[in-house]
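K.L.:
Here's a structure for you.
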Number of protein chains: 2
Amino acid sequence: MTAPHPGKRVLQSYIDTINANDLEGLLGLFAEDVEWEDPYGSPVRKGREALREVYSPLIGSLNMTLDGPIRGSEGNRAAMAFSFEVEIDGKRFGATAIDVVSLNEAGLITHFQAYWSPGDLEEIAS
Amino acid sequence: MTAPHPGKRVLQSYIDTINANDLEGLLGLFAEDVEWEDPYGSPVRKGREALREVYSPLIGSLNMTLDGPIRGSEGNRAAMAFSFEVEIDGKRFGATAIDVVSLNEAGLITHFQAYWSPGDLEEIAS
């Protein structure tokens with residue numbers, strides 16, 4: 001394969017925009033009618049604008065590091081494993097997660113599912 | 001959480017039985033009516049017995065190594081990132097993938113999806 005898998009490119013941009021505190025760049029990765037479930041099993045949020053509410057308070061506090069290469073799959077899907085840190089009530093917590101996305105033909109994320117459990121968050125000693 | 005997430009236990013057993021060439025132990029992790037899609041986007045196989053055909057020729061040649069901890073999610077799902085090696089026509093190839101599973105109440109895999117692309121297989125120099 002010569003061209004990089006579009007899903008690999010989008011997931012790398014997802015991490016890069018979050019780490020760069022680039023909220024508009026981040027939201028621009030999602031299709032307008034995206035269905036977003038993070039973590040899997042929690043209520044599904046629908047639409048790019050609903051995600052502004054989710055990510056706004058996280059931007060600036062959330063940092064992500066890839067655990068190994070992003071996997072691009074058949075059927076316009078891709079997945080990545082990563083570690084993240086986030087601030088909650090003035091304390092820093094860390095956990096690991098796996099995100100899986102589907103893309104539309106324009107290369108925008110139509111489905112987003114995150115696999116992790118809030119019960120796995122561990123406080124990071126400062 | 002005191003008890004380990006059932007999905008974490010099952011995915012660890014998935015890797016362990018494959019690496020131990022234990023076909024029956026491996027098949028025993030799946031529900032009888034499992035839906036199995038590997039890689040995502042290829043035809044879905046249905047039923048534990050259909051998986052015997054898939055895994056039989058791989059057992060003995062397939063080896064898997066976890067890339068970081070298994071993620072256990074809400075809603076009885078779990079995901080893991082790993083690297084694998086497999087023999088094809090006498091040559092060894094490697095790639096990375098992410099598997100996502102859903103479990104039923106008995107802790108058996110009802111849905112299995114793998115994210116990777118055969119185009120990412122790279123021959124391993126012997």
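Here's how to read the names in the structure tokens: chain A, B, ... by the order shown, residue numbers from 1 in each chain, ligand numbers from 1 in the order shown.
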Write out as a Markdown table a residue-level contact list of chain A versus chain B with cut-off 10 Å: for each qualifying residue the closest pair of atoms and the distance in Å to one decimal, counting only C-alpha atoms, rows sorted by chain and residue number upward.
P.N.:
```
| residue | atom | partner | partner_atom | distance |
| --- | --- | --- | --- | --- |
| A:Met1 | CA | B:Gly119 | CA | 6.5 |
| A:His5 | CA | B:Ser117 | CA | 9.6 |
| A:Asp38 | CA | B:Glu74 | CA | 9.5 |
| A:Pro39 | CA | B:Glu74 | CA | 6.7 |
| A:Tyr40 | CA | B:Glu74 | CA | 5.8 |
| A:Gly41 | CA | B:Gly75 | CA | 4.4 |
| A:Ser42 | CA | B:Glu74 | CA | 7.3 |
| A:Asp67 | CA | B:Gly68 | CA | 6.9 |
| A:Gly68 | CA | B:Asp67 | CA | 6.9 |
| A:Pro69 | CA | B:Thr96 | CA | 7.5 |
| A:Ile70 | CA | B:Ala97 | CA | 8.6 |
| A:Arg71 | CA | B:Trp116 | CA | 5.3 |
| A:Gly72 | CA | B:Trp116 | CA | 5.5 |
| A:Ser73 | CA | B:Trp116 | CA | 4.4 |
| A:Glu74 | CA | B:Gly41 | CA | 5.0 |
| A:Gly75 | CA | B:Gly41 | CA | 4.4 |
| A:Asn76 | CA | B:Gly41 | CA | 8.0 |
| A:Arg77 | CA | B:Tyr115 | CA | 7.4 |
| A:Ala78 | CA | B:Tyr115 | CA | 6.4 |
| A:Ala79 | CA | B:Tyr115 | CA | 6.4 |
| A:Met80 | CA | B:Ile98 | CA | 7.4 |
| A:Ala81 | CA | B:Ala81 | CA | 6.2 |
| A:Phe82 | CA | B:Gly68 | CA | 8.7 |
| A:Ser83 | CA | B:Gly68 | CA | 9.2 |
| A:Ala95 | CA | B:Arg71 | CA | 9.4 |
| A:Thr96 | CA | B:Arg71 | CA | 6.9 |
| A:Ala97 | CA | B:Arg71 | CA | 6.0 |
| A:Ile98 | CA | B:Ala79 | CA | 6.7 |
| A:Asp99 | CA | B:Ala79 | CA | 9.2 |
| A:Val100 | CA | B:Tyr115 | CA | 8.6 |
| A:Ala114 | CA | B:Ser73 | CA | 8.1 |
| A:Tyr115 | CA | B:Ser73 | CA | 4.9 |
| A:Trp116 | CA | B:Ser73 | CA | 4.4 |
| A:Ser117 | CA | B:Ser73 | CA | 4.9 |
| A:Pro118 | CA | B:Ser73 | CA | 8.5 |
| A:Gly119 | CA | B:Met1 | CA | 6.6 |
| A:Asp120 | CA | B:Met1 | CA | 8.1 |
```
K.L.:
Tell me which protein, DNA and RNA residues are within 10 Å of Thr17 in chain B, counting only C-alpha atoms, leaving out same-chain ones fewer than 4 positions away, and put them as number ranges by chain.
P.N.:
B: 11-13, 21-29, 59
K.L.:
What lies within 12 Å of Ile124 in chain B using only C-alpha atoms, ignoring chain neighbours under 6 positions off, as a ChimeraX atom specification?
P.N.:
/B:84-88,90-95
K.L.:
Write the selection just made, keeping all heavy atoms, as a short mmCIF file (atom, residue, chain, number, x, y, z; two decimals), in the first residue's frame?
P.N.:
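Everything below was put into selection-v2.cif:
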```
data_model
loop_
_atom_site.label_atom_id
_atom_site.label_comp_id
_atom_site.auth_asym_id
_atom_site.auth_seq_id
_atom_site.Cartn_x
_atom_site.Cartn_y
_atom_site.Cartn_z
N PHE B 84 1.76 -9.93 16.05
CA PHE B 84 1.71 -11.37 15.80
C PHE B 84 2.65 -11.77 14.66
O PHE B 84 3.04 -10.94 13.83
CB PHE B 84 0.28 -11.85 15.51
CG PHE B 84 -0.31 -11.34 14.22
CD1 PHE B 84 -0.22 -12.10 13.05
CD2 PHE B 84 -0.96 -10.12 14.16
CE1 PHE B 84 -0.78 -11.65 11.86
CE2 PHE B 84 -1.51 -9.66 12.98
CZ PHE B 84 -1.41 -10.42 11.82
N GLU B 85 3.00 -13.05 14.69
CA GLU B 85 3.79 -13.64 13.61
C GLU B 85 3.06 -14.88 13.13
O GLU B 85 2.44 -15.58 13.93
CB GLU B 85 5.16 -14.08 14.12
CG GLU B 85 6.11 -12.96 14.44
CD GLU B 85 7.49 -13.49 14.81
OE1 GLU B 85 7.86 -14.60 14.31
OE2 GLU B 85 8.17 -12.82 15.58
N VAL B 86 3.12 -15.13 11.84
CA VAL B 86 2.44 -16.30 11.30
C VAL B 86 3.21 -16.80 10.09
O VAL B 86 3.90 -16.01 9.41
CB VAL B 86 0.98 -15.94 10.93
CG1 VAL B 86 0.93 -14.95 9.77
CG2 VAL B 86 0.14 -17.17 10.66
N GLU B 87 3.14 -18.10 9.84
CA GLU B 87 3.85 -18.67 8.69
C GLU B 87 2.90 -18.78 7.51
O GLU B 87 1.77 -19.27 7.65
CB GLU B 87 4.39 -20.06 9.07
CG GLU B 87 5.49 -20.52 8.14
CD GLU B 87 6.16 -21.78 8.67
OE1 GLU B 87 6.70 -21.74 9.80
OE2 GLU B 87 6.11 -22.81 7.96
N ILE B 88 3.31 -18.30 6.36
CA ILE B 88 2.52 -18.41 5.14
C ILE B 88 3.45 -18.93 4.05
O ILE B 88 4.47 -18.31 3.75
CB ILE B 88 1.94 -17.04 4.71
CG1 ILE B 88 1.08 -16.44 5.83
CG2 ILE B 88 1.14 -17.16 3.43
CD1 ILE B 88 0.66 -15.00 5.59
N GLY B 90 5.62 -21.21 4.03
CA GLY B 90 7.00 -21.43 4.46
C GLY B 90 7.77 -20.19 4.85
O GLY B 90 8.94 -20.28 5.23
N LYS B 91 7.13 -19.01 4.74
CA LYS B 91 7.81 -17.79 5.15
C LYS B 91 7.11 -17.21 6.37
O LYS B 91 5.90 -17.36 6.54
CB LYS B 91 7.78 -16.74 4.02
CG LYS B 91 8.59 -17.14 2.82
CD LYS B 91 8.47 -16.08 1.72
CE LYS B 91 9.28 -16.51 0.49
NZ LYS B 91 8.97 -15.67 -0.67
N ARG B 92 7.87 -16.52 7.24
CA ARG B 92 7.27 -15.92 8.43
C ARG B 92 6.96 -14.44 8.18
O ARG B 92 7.77 -13.70 7.64
CB ARG B 92 8.20 -16.04 9.64
CG ARG B 92 7.96 -17.35 10.35
CD ARG B 92 8.42 -17.47 11.76
NE ARG B 92 7.46 -17.15 12.81
CZ ARG B 92 6.33 -17.82 13.07
NH1 ARG B 92 5.96 -18.82 12.32
NH2 ARG B 92 5.54 -17.46 14.07
N PHE B 93 5.75 -14.06 8.55
CA PHE B 93 5.31 -12.68 8.41
C PHE B 93 4.85 -12.15 9.77
O PHE B 93 4.41 -12.92 10.63
CB PHE B 93 4.14 -12.58 7.42
CG PHE B 93 4.53 -12.88 6.00
CD1 PHE B 93 4.60 -14.19 5.55
CD2 PHE B 93 4.86 -11.85 5.13
CE1 PHE B 93 4.98 -14.48 4.24
CE2 PHE B 93 5.23 -12.13 3.82
CZ PHE B 93 5.30 -13.44 3.37
N GLY B 94 4.96 -10.84 9.93
CA GLY B 94 4.51 -10.22 11.17
C GLY B 94 3.66 -9.00 10.88
O GLY B 94 3.76 -8.38 9.82
N ALA B 95 2.79 -8.66 11.83
CA ALA B 95 1.98 -7.44 11.73
C ALA B 95 1.46 -7.12 13.12
O ALA B 95 1.67 -7.87 14.07
CB ALA B 95 0.82 -7.62 10.75
#
```
K.L.:
How would you write, as a PyMOL selection string, the set of residues in chain B that DSSP gives as strand (DSSP E or B)?
P.N.:
chain B and resi 30-37+40+42+45-46+63-66+71-73+77-88+91-103+109-115+122-123
K.L.:
Using only C-alpha atoms, determine which residues lie at most 8 Å from range 44-50 of chain A, disregarding the query and same-chain residues fewer than 5 positions distant; provide the list as a PDB file with N, CA, C and O atoms, in the first residue's frame.
P.N.:
```pdb
ATOM      1  N   LEU A  27     -12.404  18.861  16.404  1.00  0.00           N
ATOM      2  CA  LEU A  27     -13.817  18.702  16.005  1.00  0.00           C
ATOM      3  C   LEU A  27     -13.943  18.531  14.496  1.00  0.00           C
ATOM      4  O   LEU A  27     -14.858  17.848  14.011  1.00  0.00           O
ATOM      5  N   PHE A  30     -14.424  15.027  12.812  1.00  0.00           N
ATOM      6  CA  PHE A  30     -15.661  14.261  12.939  1.00  0.00           C
ATOM      7  C   PHE A  30     -16.690  14.667  11.880  1.00  0.00           C
ATOM      8  O   PHE A  30     -16.808  15.849  11.546  1.00  0.00           O
ATOM      9  N   ALA A  31     -17.450  13.679  11.391  1.00  0.00           N
ATOM     10  CA  ALA A  31     -18.576  13.968  10.505  1.00  0.00           C
ATOM     11  C   ALA A  31     -19.659  14.675  11.309  1.00  0.00           C
ATOM     12  O   ALA A  31     -19.759  14.513  12.531  1.00  0.00           O
ATOM     13  N   GLU A  32     -20.484  15.435  10.627  1.00  0.00           N
ATOM     14  CA  GLU A  32     -21.490  16.215  11.334  1.00  0.00           C
ATOM     15  C   GLU A  32     -22.458  15.320  12.113  1.00  0.00           C
ATOM     16  O   GLU A  32     -22.957  15.702  13.159  1.00  0.00           O
ATOM     17  N   ASP A  33     -22.724  14.114  11.587  1.00  0.00           N
ATOM     18  CA  ASP A  33     -23.689  13.224  12.246  1.00  0.00           C
ATOM     19  C   ASP A  33     -22.991  12.067  12.978  1.00  0.00           C
ATOM     20  O   ASP A  33     -23.553  10.983  13.132  1.00  0.00           O
ATOM     21  N   VAL A  34     -21.779  12.321  13.453  1.00  0.00           N
ATOM     22  CA  VAL A  34     -21.003  11.277  14.129  1.00  0.00           C
ATOM     23  C   VAL A  34     -21.776  10.676  15.312  1.00  0.00           C
ATOM     24  O   VAL A  34     -22.545  11.378  15.978  1.00  0.00           O
ATOM     25  N   GLU A  35     -21.566   9.361  15.515  1.00  0.00           N
ATOM     26  CA  GLU A  35     -22.065   8.703  16.735  1.00  0.00           C
ATOM     27  C   GLU A  35     -20.857   8.334  17.580  1.00  0.00           C
ATOM     28  O   GLU A  35     -19.961   7.630  17.121  1.00  0.00           O
ATOM     29  N   TRP A  36     -20.857   8.800  18.808  1.00  0.00           N
ATOM     30  CA  TRP A  36     -19.651   8.799  19.653  1.00  0.00           C
ATOM     31  C   TRP A  36     -19.965   8.114  20.973  1.00  0.00           C
ATOM     32  O   TRP A  36     -20.919   8.494  21.652  1.00  0.00           O
ATOM     33  N   GLU A  37     -19.179   7.124  21.344  1.00  0.00           N
ATOM     34  CA  GLU A  37     -19.459   6.305  22.530  1.00  0.00           C
ATOM     35  C   GLU A  37     -18.147   6.093  23.283  1.00  0.00           C
ATOM     36  O   GLU A  37     -17.299   5.314  22.868  1.00  0.00           O
ATOM     37  N   ASP A  38     -17.984   6.815  24.391  1.00  0.00           N
ATOM     38  CA  ASP A  38     -16.707   6.794  25.118  1.00  0.00           C
ATOM     39  C   ASP A  38     -16.976   6.934  26.605  1.00  0.00           C
ATOM     40  O   ASP A  38     -17.331   8.014  27.065  1.00  0.00           O
TER      41      ASP A  38
END
```
K.L.:
Would you please give, as a list of chain:residue names, all residues of range 17-60 of chain A that DSSP assigns to alpha helix (DSSP H) based on the backbone?
P.N.:
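Going through range 17-60 of chain A, the alpha helix (DSSP H) residues come out as A:Thr17, A:Ile18, A:Asn19, A:Leu23, A:Glu24, A:Gly25, A:Leu26, A:Leu27, A:Arg48, A:Glu49, A:Ala50, A:Leu51, A:Arg52, A:Glu53, A:Val54, A:Tyr55.
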K.L.:
Write a file of the selected residues as a CSV table (one decimal), in the first residue's frame, keeping C-alpha atoms.
P.N.:
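Output below, filename part.csv:
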```csv
chain,number,residue,atom,x,y,z
A,17,THR,CA,-4.9,18.0,17.9
A,18,ILE,CA,-5.7,16.9,21.5
A,19,ASN,CA,-2.1,17.2,22.6
A,23,LEU,CA,-10.3,22.1,19.8
A,24,GLU,CA,-11.4,23.3,16.3
A,25,GLY,CA,-8.9,21.0,14.6
A,26,LEU,CA,-10.1,18.1,16.7
A,27,LEU,CA,-13.8,18.7,16.0
A,48,ARG,CA,-20.2,17.1,16.1
A,49,GLU,CA,-21.6,19.9,18.2
A,50,ALA,CA,-22.4,17.6,21.0
A,51,LEU,CA,-18.7,16.7,21.1
A,52,ARG,CA,-17.7,20.4,21.6
A,53,GLU,CA,-19.3,20.0,25.1
A,54,VAL,CA,-17.3,16.8,25.8
A,55,TYR,CA,-13.9,17.9,24.6
```
K.L.:
Please compute the CA of Glu123 in chain B-CA of Val101 in chain A distance, one decimal, in Å.
P.N.:
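Going from CA of Glu123 in chain B over to CA of Val101 in chain A covers 27.6 Å.
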K.L.:
Could you tell me how far CA of Leu103 in chain A lies from CA of Phe112 in chain B, in Å and to one decimal?
P.N.:
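CA of Phe112 in chain B lies at a distance of 19.9 Å from CA of Leu103 in chain A.
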K.L.:
Tell me which of B:Pro6, B:Asp16, B:Asp89, B:Gln113 sits closest to Pro57 in chain B, counting only C-alpha atoms.
P.N.:
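Looking only at the distances to Pro57 in chain B, the closest residue turns out to be B:Asp89.
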